[in-house]
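Asker: One structure, pasted below without further comment.
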Amino acid sequence: MFATWISVSAAEIDVARDALRQGESASAFLRLQRIIAANPDNHEAKDLLVRADAESSPLASRGERFGWLGVEWGYDSNITSATSASAVDVPFLSRSVPLKKPLFAVASDFLGINGGAAVNRSLNGSIEGFLFGQASARYNRREAQFFPHSYPFAAGLTGETLPFRWSIAANALERWVGAYQLLSGTGLGAQAAYVDDRAVGTATLEWRRSNYPYFDHVRTTGLHYGMGLQDRIKRTGLSVFSGSERAQGTEKSLDRQVAGIEGKAAYDWIYGSEVRLFAACSQSDYFEPSPMFLVRRRDTMLAMTAEADFTFADRWHALPRLRAERNRSNIPLLDFKRWQVSLELRREF
């Protein structure tokens with residue numbers, strides 16, 4: 001039995017090595033994880049895993065260019081992320097105020113589309129440059145005029161001198177609802193990582209400036225930082241983050257301190273599929289009292305996502321997905337629950 005196990009393990013390593021030569025680093029990464037899980041002392045597999053992990057990003061695993069297009073159908077219990085109450089008590093007015101759309105929850109089925117592309121190019125033996133862009137939009141049948149669409153972009157450099165890796169990037173984001181621009185943001189970020197045979201430790205720092213054109217062009221600047229730890233064999237990770245944001249000018253209602261924790265995990269499932277879980281909890285404490293509700297705002301956001309990834313044909317994916325959010329706020333208008341269930345079909349290029 002021991003000889004049989006050795007031969008199977010060696011054969012698996014050969015298959016993983018061939019996959020790496022052919023640029024199929026994501027497949028090699030999963031195969032090597034299984035070998036090491038069965039035999040943690042297999043140093044040959046560990047050495048290959050370091051290489052496969054370095055090459056298994058969405059950019060590197062598909063060469064210099066990568067793109068995708070996805071269509072998503074689903075149901076959303078609260079497309080406006082609003083309270084389910086029909087009226088709220090306003091202490092400043094000493095009375096209850098009835099709510100109108102979009103200030104209370106509206107449920108709807110939806111059809112969404114998203115697509116993007118990424119390009120990376122080696123600048124020398126250990127440094128790569130990358131560009132990334134994405135666009136997404138969603139049609140909500142119950143509220144056709146509530147048509148959210150967003151456009152994130154990023155460009156940066158990544159490098160490594162094992163066991164260390166680093167990246168720096170500039171990013172931009174625009175978020176719209178119909179013809180109204182809600183957010184325009186830019187940011188700069190940096191990350192440093194330490195990698196060994198089993199774990200990856202990261203430290204991140206990001207500066208961001210946001211402009212809210214629909215809200216009289218209120219502007220904020222923020223600085224966020226975090227630390228994380230990932231288990232490369234078990235495919236689990238945990239990170240913590242903190243930061244602050246300040247509004248420019250006389251408008252101070254958005255000044256806040258935020259802190260939170262995030263966790264993620266991935267597991268192999270039936271028919272070669274993968275299950276991914278993500279959970280997060282964050283708390284935002286605002287510095288200025290609300291003039292209408294006469295309290296300093298505090299929000300505690302709980303979020304969870306569970307999805308499965310089925311590859312049913314070459315570069316075709318089916319992703320059933322469940323999302324849930326719960327924001328606990330001492331401002332009744334901002335206290336809400338939300339859940340979504342959907343199915344996305346995605347084609348990679």
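Each chain in the structure tokens gets a letter, A, B, ..., in the order shown, and its residues are numbered from 1; ligands are numbered from 1 in order too.
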Name the residues in contact with A:Glu206 at a cut-off of 9 Å, using only C-alpha atoms, excluding same-chain residues fewer than 2 positions from it; report them as number ranges by chain.

Answerer: A: 187-191, 204, 208, 222-225

Asker: Take the selection from the previous step and output its residues with C-alpha atoms, as a PDB file, in the first residue's frame.

Answerer:
ATOM      1  CA  GLY A 187      -7.168  55.752  -4.233  1.00  0.00           C
ATOM      2  CA  LEU A 188      -3.591  54.591  -3.722  1.00  0.00           C
ATOM      3  CA  GLY A 189      -2.738  51.322  -2.047  1.00  0.00           C
ATOM      4  CA  ALA A 190       0.242  49.183  -1.069  1.00  0.00           C
ATOM      5  CA  GLN A 191       0.564  45.622   0.179  1.00  0.00           C
ATOM      6  CA  THR A 204      -2.029  46.649   3.568  1.00  0.00           C
ATOM      7  CA  ARG A 208      -8.810  57.078  -0.715  1.00  0.00           C
ATOM      8  CA  GLY A 222      -9.696  58.290   4.260  1.00  0.00           C
ATOM      9  CA  LEU A 223      -6.759  56.169   5.361  1.00  0.00           C
ATOM     10  CA  HIS A 224      -7.266  52.453   5.944  1.00  0.00           C
ATOM     11  CA  TYR A 225      -4.857  49.737   7.014  1.00  0.00           C
TER      12      TYR A 225
END

Asker: Running DSSP on the backbone, which parts of stretch 110-278 of chain A land in helix (DSSP H, G or I), as number ranges by chain?

Answerer: A: 213-215, 270-272

Asker: Could you please take those selected residues and save C-alpha atoms as a PDB file, in the first residue's frame?

Answerer:
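Just written: selection-v1.pdb:
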ATOM      1  CA  PRO A 213     -21.772  64.662  -6.825  1.00  0.00           C
ATOM      2  CA  TYR A 214     -25.434  63.880  -6.125  1.00  0.00           C
ATOM      3  CA  PHE A 215     -25.051  65.127  -2.537  1.00  0.00           C
ATOM      4  CA  ILE A 270     -19.147  17.702  -6.095  1.00  0.00           C
ATOM      5  CA  TYR A 271     -18.456  17.365  -9.828  1.00  0.00           C
ATOM      6  CA  GLY A 272     -15.171  19.241  -9.562  1.00  0.00           C
TER       7      GLY A 272
END

Asker: List the spatial neighbours of A:Asp285 as a count of residues only - criterion: any atom at most 12 Å away, only C-alpha atoms, same-chain residues fewer than 5 positions off excluded.

Answerer: 22

Asker: To one decimal place, how far is atom CA of A:Leu131 from atom CA of A:Leu173 in Å?

Answerer: 14.0 Å

Asker: Work out how far atom CA of A:Arg198 is from atom CA of A:Thr236, in Å to one decimal.

Answerer: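 These atoms are spaced 11.0 Å apart.
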